[in-house]
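query-v8.cif follows; it contains mmCIF, C-alpha atoms.
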data_final
#
loop_
_atom_site.group_PDB
_atom_site.id
_atom_site.type_symbol
_atom_site.label_atom_id
_atom_site.label_comp_id
_atom_site.auth_asym_id
_atom_site.auth_seq_id
_atom_site.Cartn_x
_atom_site.Cartn_y
_atom_site.Cartn_z
ATOM 1 C CA MET A 652 23.051 -3.861 -18.589
ATOM 2 C CA LEU A 653 19.963 -5.156 -16.855
ATOM 3 C CA LYS A 654 20.176 -8.944 -16.767
ATOM 4 C CA ASN A 655 17.677 -11.758 -17.122
ATOM 5 C CA LYS A 656 16.237 -12.978 -13.817
ATOM 6 C CA LYS A 657 17.961 -16.351 -14.305
ATOM 7 C CA ASN A 658 21.264 -14.514 -14.645
ATOM 8 C CA ASN A 659 22.157 -11.377 -12.690
ATOM 9 C CA PRO A 660 18.973 -9.706 -11.394
ATOM 10 C CA VAL A 661 20.499 -6.301 -10.697
ATOM 11 C CA SER A 662 22.789 -3.921 -12.504
ATOM 12 C CA SER A 663 24.793 -1.327 -10.611
ATOM 13 C CA LEU A 664 27.010 1.652 -11.266
ATOM 14 C CA ARG A 665 28.942 3.354 -8.475
ATOM 15 C CA GLU A 666 27.190 5.583 -5.937
ATOM 16 C CA GLY A 667 26.536 5.754 -2.180
ATOM 17 C CA PHE A 668 28.938 6.597 0.691
ATOM 18 C CA ASP A 669 32.265 4.917 1.406
ATOM 19 C CA ASP A 670 33.731 4.379 4.884
ATOM 20 C CA ALA A 671 35.198 7.879 4.856
ATOM 21 C CA GLY A 672 31.781 9.401 4.240
ATOM 22 C CA THR A 673 32.516 10.379 0.642
ATOM 23 C CA PRO A 674 29.960 9.585 -2.095
ATOM 24 C CA ASP A 675 31.222 6.572 -4.065
ATOM 25 C CA LEU A 676 28.739 7.088 -6.935
ATOM 26 C CA LYS A 677 26.941 3.750 -7.117
ATOM 27 C CA TYR A 678 23.646 3.461 -8.988
ATOM 28 C CA TYR A 679 21.284 0.519 -9.335
ATOM 29 C CA ALA A 680 18.782 -0.805 -11.879
ATOM 30 C CA PHE A 681 16.215 -3.417 -10.871
ATOM 31 C CA ASP A 682 13.595 -5.512 -12.576
ATOM 32 C CA TRP A 683 10.561 -6.107 -10.361
ATOM 33 C CA ASP A 684 8.927 -9.486 -10.946
ATOM 34 C CA ASP A 685 10.876 -12.517 -9.753
ATOM 35 C CA ASN A 686 13.871 -10.260 -9.078
ATOM 36 C CA LEU A 687 12.863 -7.807 -6.374
ATOM 37 C CA MET A 688 9.709 -9.714 -5.488
ATOM 38 C CA TYR A 689 7.704 -12.788 -6.309
ATOM 39 C CA MET A 690 4.388 -11.058 -6.800
ATOM 40 C CA PRO A 691 1.094 -12.979 -6.734
ATOM 41 C CA THR A 692 -0.110 -11.133 -9.857
ATOM 42 C CA LYS A 693 -1.404 -13.566 -12.476
ATOM 43 C CA ILE A 694 -1.389 -13.665 -16.291
ATOM 44 C CA ILE A 695 -4.776 -14.879 -17.524
ATOM 45 C CA LEU A 696 -4.815 -17.785 -20.006
ATOM 46 C CA ARG A 697 -7.628 -19.711 -21.713
ATOM 47 C CA ASP A 698 -8.270 -23.456 -21.636
ATOM 48 C CA GLU A 699 -9.990 -25.718 -24.150
ATOM 49 C CA ASN A 700 -13.383 -25.023 -22.548
ATOM 50 C CA ASP A 701 -12.903 -21.267 -22.883
ATOM 51 C CA ASN A 702 -12.378 -20.877 -19.138
ATOM 52 C CA GLU A 703 -9.916 -18.350 -17.776
ATOM 53 C CA VAL A 704 -6.881 -19.864 -16.036
ATOM 54 C CA PRO A 705 -4.520 -17.669 -13.960
ATOM 55 C CA MET A 706 -0.780 -18.332 -14.194
ATOM 56 C CA SER A 707 2.003 -17.013 -11.958
ATOM 57 C CA THR A 708 4.915 -15.049 -13.426
ATOM 58 C CA GLU A 709 7.302 -17.855 -12.455
ATOM 59 C CA ASP A 710 5.250 -20.428 -14.355
ATOM 60 C CA PHE A 711 4.774 -18.014 -17.232
ATOM 61 C CA ALA A 712 8.545 -17.744 -17.663
ATOM 62 C CA GLU A 713 8.593 -21.515 -18.142
ATOM 63 C CA HIS A 714 5.600 -21.800 -20.478
ATOM 64 C CA ARG A 715 5.560 -18.537 -22.425
ATOM 65 C CA HIS A 716 7.108 -20.144 -25.513
ATOM 66 C CA GLN A 717 4.185 -22.580 -25.679
ATOM 67 C CA ILE A 718 1.257 -20.210 -25.190
ATOM 68 C CA GLY A 719 -0.689 -19.724 -28.396
ATOM 69 C CA LYS A 720 1.633 -22.072 -30.272
ATOM 70 C CA GLU A 721 0.770 -25.455 -28.829
ATOM 71 C CA GLU A 722 -1.632 -26.914 -26.282
ATOM 72 C CA PHE A 723 -0.192 -27.981 -22.929
ATOM 73 C CA ASP A 724 -1.403 -29.110 -19.522
ATOM 74 C CA TYR A 725 -1.238 -26.698 -16.630
ATOM 75 C CA LYS A 726 -2.622 -27.579 -13.211
ATOM 76 C CA GLY A 727 -5.287 -29.856 -14.631
ATOM 77 C CA ASN A 728 -6.226 -27.527 -17.501
ATOM 78 C CA LYS A 729 -5.407 -27.857 -21.188
ATOM 79 C CA ILE A 730 -4.156 -24.395 -22.147
ATOM 80 C CA VAL A 731 -4.894 -23.302 -25.697
ATOM 81 C CA GLY A 732 -3.869 -19.643 -25.573
ATOM 82 C CA TYR A 733 -4.274 -16.280 -23.908
ATOM 83 C CA ALA A 734 -7.553 -14.984 -22.494
ATOM 84 C CA ASP A 735 -8.809 -11.551 -23.516
ATOM 85 C CA GLN A 736 -6.619 -8.873 -21.917
ATOM 86 C CA PRO A 737 -4.302 -11.465 -20.350
ATOM 87 C CA TYR A 738 -2.104 -8.812 -18.693
ATOM 88 C CA ARG A 739 -4.984 -6.838 -17.202
ATOM 89 C CA ASN A 740 -3.606 -7.256 -13.671
ATOM 90 C CA PHE A 741 -0.249 -5.819 -14.745
ATOM 91 C CA ARG A 742 -1.756 -2.598 -16.104
ATOM 92 C CA GLU A 743 -3.308 0.497 -14.530
ATOM 93 C CA GLY A 744 -6.396 -1.477 -13.576
ATOM 94 C CA GLY A 745 -4.181 -3.395 -11.164
ATOM 95 C CA ASP A 746 -2.512 -0.326 -9.615
ATOM 96 C CA LYS A 747 -4.274 -0.552 -6.257
ATOM 97 C CA GLN A 748 -3.611 -4.270 -5.903
ATOM 98 C CA PHE A 749 0.039 -3.793 -6.851
ATOM 99 C CA LYS A 750 0.630 -1.636 -3.775
ATOM 100 C CA ILE A 751 -1.116 -4.181 -1.562
ATOM 101 C CA ASP A 752 0.768 -7.135 -3.049
ATOM 102 C CA ALA A 753 4.136 -5.384 -2.709
ATOM 103 C CA MET A 754 3.702 -5.320 1.059
ATOM 104 C CA LYS A 755 3.075 -9.062 1.333
ATOM 105 C CA ALA A 756 5.013 -10.615 -1.544
ATOM 106 C CA LYS A 757 8.006 -12.864 -0.979
ATOM 107 C CA THR A 758 11.265 -11.035 -1.675
ATOM 108 C CA GLY A 759 13.419 -12.091 -4.625
ATOM 109 C CA PRO A 760 17.140 -12.570 -5.362
ATOM 110 C CA ALA A 761 17.832 -8.854 -5.866
ATOM 111 C CA TRP A 762 16.269 -7.799 -2.567
ATOM 112 C CA SER A 763 19.559 -7.480 -0.637
ATOM 113 C CA ASP A 764 20.861 -5.129 -3.334
ATOM 114 C CA PHE A 765 17.621 -3.140 -3.121
ATOM 115 C CA ILE A 766 18.089 -2.778 0.645
ATOM 116 C CA GLU A 767 21.648 -1.585 0.045
ATOM 117 C CA ALA A 768 20.516 0.939 -2.548
ATOM 118 C CA ILE A 769 17.767 2.437 -0.405
ATOM 119 C CA ASN A 770 19.589 2.431 2.926
ATOM 120 C CA ASN A 771 22.569 4.181 1.299
ATOM 121 C CA GLY A 772 20.334 6.742 -0.388
ATOM 122 C CA SER A 773 21.640 5.651 -3.788
ATOM 123 C CA ILE A 774 19.879 6.463 -7.036
ATOM 124 C CA PHE A 775 18.056 3.496 -8.583
ATOM 125 C CA SER A 776 15.653 2.661 -11.356
ATOM 126 C CA ILE A 777 12.853 0.131 -11.658
ATOM 127 C CA ILE A 778 12.701 -1.285 -15.187
ATOM 128 C CA THR A 779 9.755 -3.616 -15.606
ATOM 129 C CA ALA A 780 7.504 -4.949 -18.341
ATOM 130 C CA ARG A 781 4.500 -4.021 -16.211
ATOM 131 C CA GLY A 782 2.121 -1.305 -17.326
ATOM 132 C CA HIS A 783 1.287 0.369 -14.018
ATOM 133 C CA ASN A 784 1.436 4.117 -13.619
ATOM 134 C CA PRO A 785 4.995 5.064 -12.558
ATOM 135 C CA GLU A 786 3.516 6.904 -9.558
ATOM 136 C CA THR A 787 2.047 3.598 -8.378
ATOM 137 C CA ILE A 788 5.489 1.978 -8.268
ATOM 138 C CA LYS A 789 6.906 5.007 -6.462
ATOM 139 C CA ASP A 790 4.062 4.916 -3.921
ATOM 140 C CA ALA A 791 4.660 1.206 -3.323
ATOM 141 C CA ILE A 792 8.341 1.828 -2.576
ATOM 142 C CA TYR A 793 7.431 4.714 -0.287
ATOM 143 C CA ASN A 794 5.236 2.307 1.693
ATOM 144 C CA LEU A 795 8.118 -0.167 1.906
ATOM 145 C CA ILE A 796 10.440 2.529 3.241
ATOM 146 C CA ILE A 797 8.210 4.024 5.910
ATOM 147 C CA SER A 798 7.363 0.553 7.224
ATOM 148 C CA ASP A 799 11.040 -0.558 7.395
ATOM 149 C CA HIS A 800 10.042 -3.495 5.240
ATOM 150 C CA GLN A 801 12.253 -6.614 5.246
ATOM 151 C CA GLY A 802 15.574 -4.928 6.094
ATOM 152 C CA ILE A 803 14.917 -1.440 4.731
ATOM 153 C CA ASN A 804 16.034 1.053 7.383
ATOM 154 C CA LYS A 805 14.261 4.392 7.139
ATOM 155 C CA ASN A 806 16.526 6.038 9.716
ATOM 156 C CA LEU A 807 19.693 4.936 7.918
ATOM 157 C CA LEU A 808 18.273 6.255 4.639
ATOM 158 C CA LEU A 809 17.522 9.620 6.277
ATOM 159 C CA LYS A 810 21.025 9.774 7.743
ATOM 160 C CA ASN A 811 22.555 9.355 4.293
ATOM 161 C CA LEU A 812 20.083 11.717 2.637
ATOM 162 C CA ARG A 813 21.141 14.400 5.107
ATOM 163 C CA LYS A 814 24.763 13.822 4.059
ATOM 164 C CA TYR A 815 23.786 14.463 0.446
ATOM 165 C CA ARG A 816 21.812 17.500 1.541
ATOM 166 C CA ASP A 817 24.831 18.950 3.340
ATOM 167 C CA ILE A 818 27.087 18.347 0.325
ATOM 168 C CA SER A 819 24.647 19.890 -2.111
ATOM 169 C CA GLY A 820 23.763 22.831 0.120
ATOM 170 C CA MET A 821 20.045 22.109 -0.072
ATOM 171 C CA GLU A 822 17.635 23.605 2.434
ATOM 172 C CA ASP A 823 16.633 21.680 5.528
ATOM 173 C CA LYS A 824 13.485 19.596 5.128
ATOM 174 C CA SER A 825 11.339 17.254 7.178
ATOM 175 C CA ASP A 826 11.977 13.515 7.162
ATOM 176 C CA MET A 827 9.007 12.789 4.914
ATOM 177 C CA GLU A 828 9.982 15.569 2.504
ATOM 178 C CA LEU A 829 13.506 14.159 2.246
ATOM 179 C CA ILE A 830 12.173 10.674 1.471
ATOM 180 C CA LYS A 831 9.716 11.961 -1.121
ATOM 181 C CA ASP A 832 12.388 14.108 -2.776
ATOM 182 C CA TYR A 833 14.671 11.068 -2.861
ATOM 183 C CA LEU A 834 12.003 8.938 -4.517
ATOM 184 C CA ASP A 835 11.396 11.707 -7.055
ATOM 185 C CA MET A 836 15.076 11.519 -8.034
ATOM 186 C CA ASN A 837 14.836 7.830 -8.878
ATOM 187 C CA LYS A 838 13.463 6.538 -12.169
ATOM 188 C CA TYR A 839 10.514 4.229 -12.803
ATOM 189 C CA TYR A 840 10.130 2.561 -16.183
ATOM 190 C CA PRO A 841 7.000 0.389 -16.419
ATOM 191 C CA VAL A 842 7.638 0.061 -20.129
ATOM 192 C CA SER A 843 4.177 -1.186 -21.138
ATOM 193 C CA PHE A 844 2.731 1.998 -19.625
ATOM 194 C CA LEU A 845 5.311 4.324 -21.116
ATOM 195 C CA ASP A 846 5.024 2.803 -24.606
ATOM 196 C CA PRO A 847 1.822 0.720 -24.965
ATOM 197 C CA THR A 848 2.471 0.278 -28.689
ATOM 198 C CA GLY A 849 5.636 -1.676 -27.880
ATOM 199 C CA ALA A 850 4.141 -3.914 -25.211
ATOM 200 C CA GLY A 851 4.662 -6.941 -27.449
ATOM 201 C CA ASN A 852 8.433 -6.451 -27.219
ATOM 202 C CA PRO A 853 9.099 -5.388 -23.611
ATOM 203 C CA GLU A 854 12.691 -6.645 -23.632
ATOM 204 C CA GLN A 855 13.721 -4.050 -26.202
ATOM 205 C CA LEU A 856 11.849 -1.381 -24.272
ATOM 206 C CA LYS A 857 13.780 -2.409 -21.151
ATOM 207 C CA VAL A 858 17.060 -1.985 -23.023
ATOM 208 C CA ASP A 859 15.967 1.480 -24.159
ATOM 209 C CA ALA A 860 14.974 2.372 -20.587
ATOM 210 C CA MET A 861 18.357 1.209 -19.292
ATOM 211 C CA ARG A 862 20.136 3.418 -21.804
ATOM 212 C CA GLU A 863 18.054 6.391 -20.695
ATOM 213 C CA PHE A 864 18.795 5.645 -17.043
ATOM 214 C CA ILE A 865 22.545 5.420 -17.678
ATOM 215 C CA SER A 866 22.426 8.825 -19.354
ATOM 216 C CA TYR A 867 20.520 10.209 -16.378
ATOM 217 C CA VAL A 868 22.936 8.876 -13.746
ATOM 218 C CA LYS A 869 25.952 10.149 -15.661
ATOM 219 C CA SER A 870 24.470 13.633 -15.508
ATOM 220 C CA GLN A 871 23.765 13.178 -11.786
ATOM 221 C CA ALA A 872 27.317 12.000 -11.138
ATOM 222 C CA LYS A 873 28.732 14.954 -13.051
ATOM 223 C CA SER A 874 26.586 17.371 -11.051
ATOM 224 C CA LEU A 875 27.580 15.791 -7.725
ATOM 225 C CA GLY A 876 31.241 15.803 -8.762
ATOM 226 C CA LYS A 877 31.112 19.559 -9.332
ATOM 227 C CA LYS A 878 29.691 20.040 -5.810
ATOM 228 C CA LEU A 879 32.412 17.838 -4.269
ATOM 229 C CA TYR A 880 35.359 19.433 -5.990
#

Please lay out the structure from this file as structure tokens.
Amino acid sequence: MLKNKKNNPVSSLREGFDDAGTPDLKYYAFDWDDNLMYMPTKIILRDENDNEVPMSTEDFAEHRHQIGKEEFDYKGNKIVGYADQPYRNFREGGDKQFKIDAMKAKTGPAWSDFIEAINNGSIFSIITARGHNPETIKDAIYNLIISDHQGINKNLLLKNLRKYRDISGMEDKSDMELIKDYLDMNKYYPVSFLDPTGAGNPEQLKVDAMREFISYVKSQAKSLGKKLY
């Protein structure tokens, strides 16, 4: 199960290649904010003078239980509640900035597992409360891969993708086609985009997304097993 960022930031099932070159069937599920990356995206709050006050996701995790329930001081402002559309930067309107921020954000505690997943060509999912278009998240990860960002190794990924290609009997493709096909196989669950009506309870939506992903990877493992044996 996908864990809270203060607990285990990544969940994994088996997939990838072992030392003998055989797929070991390890799959990964990641949250994005404060797990993969510490993004500069801000939640917008309102102070006693009706001014908008931006708050980081890290600070929000600390203060979320207070917002709208009691006044509190935050960086010299007395916060009284949320501003209008407080999550505007986490929705489709922030898609372009998301891709920019992903290239410059500080990496989080799950980053080493993310490197492992990508470099091995393992299947992974991104399960996040954000409301960006799933294609935006996929594009951001594509940019990370082709730039060998922070330990990601594009050439190692391609080497392992070619192993999968040989096992599955797929046709030969260019490097960029292999990477794009690989990203298409992974799953992206920005749950506030996929189910806007449930945005007030993203944790339950994350659980539902994790269940769907587990079902997906079981079918993938079964299909790969048939090709191996």

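Within 10 Å of A:Trp762, once all atoms listed in the file are used and residues closer than 2 positions along the same chain are dropped, the contacting residues are Pro660, Val661, Phe681, Trp683, Asn686, Leu687, Met688, Lys757, Thr758, Gly759, Pro760, Asp764, Phe765, Ile766, Glu767, Ala768, Gln801, Gly802 and Ile803 of chain A.
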
Take atom CA of A:Pro785 and atom CA of A:Phe749 and report the distance between them in Å, one decimal.
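Interatomic distance here is 11.6 Å.
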
Which of these residues is nearest to A:Pro691, using only C-alpha atoms: A:Lys755, A:His800, A:Arg781, A:Lys857?
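Of all the options, A:Lys755 lies closest to A:Pro691.
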
Given the choices A:Leu807, A:Ile778, A:Leu812, A:Leu829, which gets closest to A:Tyr793 if the distance is worked out from only C-alpha atoms?
A:Leu829

Tell me, as a list in words, which residues lie within 9 Å of A:Thr708, counting all atoms listed in the file; anything in the same chain fewer than 4 positions away does not count.
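So the residues in contact are Asp684, Asp685, Tyr689, Met690, Pro691, Thr692, Lys693, Ile694, Ala712 and Glu713 of chain A.
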